[in-house]
Each structure stands twice: as structure tokens, then as C-alpha cells.
Amino acid sequence: MYVIIVLGIIAGMMIPLQTAVNNRLTVFTKAVLPTSFYSFLSGSIILFFINLMIDPDKFTVSFFADQSFSYIWFTGGVLGVIFLTGNIILLPKIGAALTVIVTVTGQMVIGILIDTFGWFGAEVKPLHFMHIVGVLLLITGIVYMNAKKNPGVSQSHSRLWVLFGICTGMMPPLQTAINSALRYEVDSFIYAAFISFIVGTAVLFILSMIVNKGVKLTRISGDFKLKPWHFAGGALGAAYIASNISLMPYLGVTLTMMAAILGQIIMGLLIDHFGLFNLPKYLIDQRRVIAVIMIISGIIVLNIF
């Protein structure tokens with residue numbers, strides 16, 4: 001059991017790594033949208049081959065002829081685009097750890113709303129007093145961690161980025177709820193993930209052509225050269241999805257989510273502390289440790305009750 005939990009934590013570490021890798025790719029694309037496009041494209045290619053090996057019949061004309069192609073085929077990919085692109089924007093603004101934490105908070109908040117009001121056909125779960133306590137712990141932890149920022153960043157500006165992160169963090173639970181419905185329609189979670197990725201790729205290509213006039217890459221930017229690992233963001237995202245699918249039968253939904261979130265926070269702190277991927281350093285001090293403890297406590301409370 002403990003080995004599987006560790007694997008879940010490692011899987012969670014892939015999300016901050018994905019964001020950091022995509023941030024480095026932006027050096028060569030010179031824009032956020034083309035970076036997101038290449039991340040989605042590489043993930044789509046990987047998921048295509050995985051699905052082709054698992055169930056090649058889902059790529060036949062007869063399979064597509066039987067589909068209704070309702071809104072759930074397209075919405076999940078759009079929400080994924082918002083989340084991934086938002087993370088790339090946030091990372092250099094507030095650091096890896098805080099990017100993880102504010103987006104996780106958004107996930108928790110929208111998750112409570114989905115459960116409380118039964119959105120997207122979810123089973124209604126009445127709002128518990130401890131849910132409010134959990135959210136307050138999350139908010140307090142974020143405010144405490146964000147209270148001491150770089151002198152060059154105004155406090156109001158920083159708070160706006162935090163609010164932006166919470167909003168973009170609300171996308172994954174909505175995406176999961178929609179993709180779960182798509183999962184039953186196509187009878188495969190991996191295939192639903194592939195559809196989400198391929199739709200996201202198409203949306204980002206169109207947006208990149210409109211906003212950035214293309215998806216061009218420069219091989220050299222200053223002292224940096226474009227390398228294969230700069231395109232690893234999509235692979236990390238696909239690996240995270242595949243890992244969670246594999247671990248859920250053994251750990252359950254709650255423990256899988258907890259392990260993944262813990263992994264995200266740990267990797268976010270490490271990226272910040274050591275300034276990995278040429279990102280600004282935010283050293284792990286007493287304030288950040290206390291804030292993380294409050295945030296993890298809030299997440300635990302929200303998942304227990």
C-alpha cells in the first residue's frame with residue numbers, strides 16, 4: 001500500500017514539472033498559446049498510440065458513425081486549455097508552489113459546489129460545516145504564504161494573480177465531470193482523455209493562428225538551445241492521467257487525489273527553493289512551511305468529510 005501511495009505522490013509531481021517545462025518552451029515560442037499547443041500536441045500523439053494499442057476499433061468509421069457528438073465531446077478540451085495556459089502564465093508570476101496551491105484551492109472549491117448542487121449529474125452531497133472549515137484553512141494558508149512577496153511585485157497585483165489561479169484551478173474538476181460523462185459514452189476513460197487532448201490541440205492551433213499568426217519555434221534563444229525535453233510537457237500530462245487511472249482501483253479516489261496533491265506541493269516547493277528550470281527562487285522558510293501545513297490540513301478536512 002505504501003509503495004502505491006509513493007507512486008501516487010510521484011505522479012502528482014508531474015504537474016508542476018509539466019508547467020515548468022512548458023514555461024521553458026515559451027522561451028522558444030515567444031508566446032503562451034503556441035507553447036500550450038505543442039504541449040497538447042505531444043500529449044495527443046502519446047494518447048493516440050496508447051488507445052490504438054488498447055482498442056483500435058475506436059478509430060474505425062463505424063465507431064464514429066454511431067456517436068452523437070454532443071457538447072461533452074468538445075467542452076473538456078477547452079477547459080483543459082484554460083487550465084494549462086493559465087498555469088504557464090502564473091508560474092513566473094507567483095512561483096511553482098503557490099501556483100500549485102491556488103489551483104488546488106480552486107479545484108477544492110468547485111468540487112464542493114459540484115457535490116452540493118449535483119452539477120453534471122453528480123450525486124448530491126449536503127454541505128458540511130467542516131467543508132467551510134477546510135476552505136477557510138486553504139484560504140488562510142494562501143494568504144499567509146502570499147503575505148511576503150518580492151519587493152518588486154505589488155501586493156494588489158500579486159492578489160490578482162492568486163485570484164486568477166483559483167479561477168483557472170476550477171477548470172480540472174469541471175473537465176473531469178464532463179470527461180467522466182464522455183467516458184461512459186465512448187466506454188473508455190483513456191479514449192475520453194485522448195478526445196480532450198485532441199480538441200484542446202485544435203482549439204490552441206486556431207487561437208495561435210489568430211493571436212500569434214502561427215506556431216513558430218526558434219531553435220536558439222539567447223544562450224539557450226531548443227532540446228527534445230522542452231516538448232516533454234504533453235508526455236508528463238499524459239503520464240499523470242494514466243498513473244491516476246492505474247492507481248485509483250488500489251487507492252480509491254480520495255487517497256489517489258491526496259497523494260497527487262501532496263506530490264504537486266512537494267515538487268512546487270522544490271522548484272521554487274532551488275530555482276529549477278531557471279525560474280525565480282522562493283526559499284523554503286518558516287512562513288512557507290506553516291502555510292503548507294495549513295493548506296494540507298484544509299485539503300485533508302475537505303476529503304474526509
# chains A, B, ... in the order shown; residues from 1 in each chain; ligands from 1

call {"tool": "residues_around", "arguments": {"residues": "Pro228 of chain A", "least_positions_apart": "4", "cutoff": "12 Å", "atoms": "only C-alpha atoms", "output": "compact mmCIF listing (two decimals) with N, CA and C atoms, in the first residue's frame"}}
result
# COMPACT_ATOMS: atom_id res chain seq x y z
N VAL A 21 8.35 22.86 -17.44
CA VAL A 21 8.87 22.53 -18.77
C VAL A 21 8.20 23.39 -19.84
N ARG A 24 9.59 26.83 -19.93
CA ARG A 24 10.87 26.92 -20.65
C ARG A 24 10.65 26.91 -22.16
N LEU A 25 9.66 26.15 -22.61
CA LEU A 25 9.37 26.10 -24.05
C LEU A 25 8.93 27.46 -24.56
N TYR A 38 1.87 22.99 -28.41
CA TYR A 38 2.85 21.91 -28.53
C TYR A 38 2.73 20.91 -27.38
N SER A 42 1.85 16.98 -28.24
CA SER A 42 2.67 15.83 -27.84
C SER A 42 1.86 14.86 -26.98
N ARG A 219 15.01 27.87 -32.85
CA ARG A 219 15.90 26.83 -32.33
C ARG A 219 16.86 27.36 -31.27
N ALA A 232 8.43 17.86 -23.44
CA ALA A 232 8.01 16.79 -22.53
C ALA A 232 6.73 17.11 -21.76
N GLY A 233 6.25 18.34 -21.85
CA GLY A 233 5.06 18.73 -21.08
C GLY A 233 3.85 17.86 -21.36
N ALA A 235 3.84 14.79 -22.55
CA ALA A 235 4.10 13.44 -22.05
C ALA A 235 3.87 13.36 -20.55

call {"tool": "closest_atom_pairs", "arguments": {"of": "segment 71-179 of chain A", "to": "segment 262-280 of chain A", "cutoff": "12 Å", "atoms": "only C-alpha atoms", "output": "Markdown table"}}
result
| residue | atom | partner | partner_atom | distance |
| --- | --- | --- | --- | --- |
| A:Leu90 | CA | A:Leu279 | CA | 11.9 |
| A:Leu91 | CA | A:Leu279 | CA | 8.5 |
| A:Pro92 | CA | A:Leu279 | CA | 6.7 |
| A:Lys93 | CA | A:Pro280 | CA | 9.2 |
| A:Ile94 | CA | A:Pro280 | CA | 9.3 |
| A:Gly95 | CA | A:Asp272 | CA | 6.2 |
| A:Ala96 | CA | A:Gly268 | CA | 4.6 |
| A:Ala97 | CA | A:Gly268 | CA | 3.9 |
| A:Leu98 | CA | A:Gly268 | CA | 7.6 |
| A:Thr99 | CA | A:Gly268 | CA | 7.9 |
| A:Val100 | CA | A:Ile265 | CA | 6.3 |
| A:Ile101 | CA | A:Ile265 | CA | 6.9 |
| A:Val102 | CA | A:Ile265 | CA | 10.6 |
| A:Thr103 | CA | A:Gln264 | CA | 10.6 |
| A:Val104 | CA | A:Gln264 | CA | 9.2 |
| A:Thr105 | CA | A:Ile265 | CA | 11.8 |
| A:Met145 | CA | A:Leu269 | CA | 11.8 |
| A:Lys149 | CA | A:Pro280 | CA | 11.9 |
| A:Asn150 | CA | A:Pro280 | CA | 10.1 |

call {"tool": "residues_around", "arguments": {"residues": "segment 172-176 of chain A", "least_positions_apart": "3", "cutoff": "12 Å", "atoms": "only C-alpha atoms", "output": "number ranges by chain"}}
result
A: 72-84, 86-87, 103-115, 119-122, 166-169, 179-183, 189, 192-193, 195-197, 200, 241, 257

call {"tool": "closest_residue", "arguments": {"among": "A:Val292, A:Ala239, A:Val32, A:Ile261", "to": "Ile50 of chain A", "atoms": "only C-alpha atoms"}}
result
A:Ala239

call {"tool": "closest_residue", "arguments": {"among": "A:Tyr250, A:Thr116, A:Pro56, A:Ala291", "to": "Leu137 of chain A", "atoms": "only C-alpha atoms"}}
result
A:Ala291

call {"tool": "select_by_dssp", "arguments": {"residues": "segment 64-191 of chain A", "states": "alpha helix (DSSP H)", "output": "ChimeraX atom specification"}}
result
/A:64-65,72-94,96-117,129-146,155-169,171-186,189-191

call {"tool": "closest_residue", "arguments": {"among": "A:Phe48, A:Gln67, A:Trp161, A:Val27", "to": "Asp187 of chain A", "atoms": "only C-alpha atoms"}}
result
A:Gln67

call {"tool": "atom_distance", "arguments": {"atom1": "atom CA of Met248 of chain A", "atom2": "atom CA of Phe64 of chain A"}}
result
28.9 Å

call {"tool": "closest_atom_pairs", "arguments": {"of": "segment 142-206 of chain A", "to": "segment 58-63 of chain A", "cutoff": "10 Å", "atoms": "only C-alpha atoms", "output": "JSON lines"}}
result
{"residue": "A:Val186", "atom": "CA", "partner": "A:Lys58", "partner_atom": "CA", "distance": 8.4}
{"residue": "A:Asp187", "atom": "CA", "partner": "A:Lys58", "partner_atom": "CA", "distance": 9.8}
{"residue": "A:Ser188", "atom": "CA", "partner": "A:Lys58", "partner_atom": "CA", "distance": 9.6}
{"residue": "A:Tyr191", "atom": "CA", "partner": "A:Lys58", "partner_atom": "CA", "distance": 8.2}

call {"tool": "atom_distance", "arguments": {"atom1": "atom CA of Tyr144 of chain A", "atom2": "atom CA of His131 of chain A"}}
result
20.0 Å

call {"tool": "select_by_dssp", "arguments": {"residues": "segment 75-256 of chain A", "states": "strand (DSSP E)", "output": "list in words"}}
result
Ile220, Ser221, Phe224 and Lys225 of chain A

call {"tool": "write_last_selection", "arguments": {"atoms": "C-alpha atoms", "output": "compact mmCIF listing (two decimals), in the first residue's frame"}}
result
# COMPACT_ATOMS: atom_id res chain seq x y z
CA ILE A 220 18.11 29.27 -30.41
CA SER A 221 17.00 31.96 -27.95
CA PHE A 224 19.57 28.59 -24.83
CA LYS A 225 19.10 25.90 -27.49
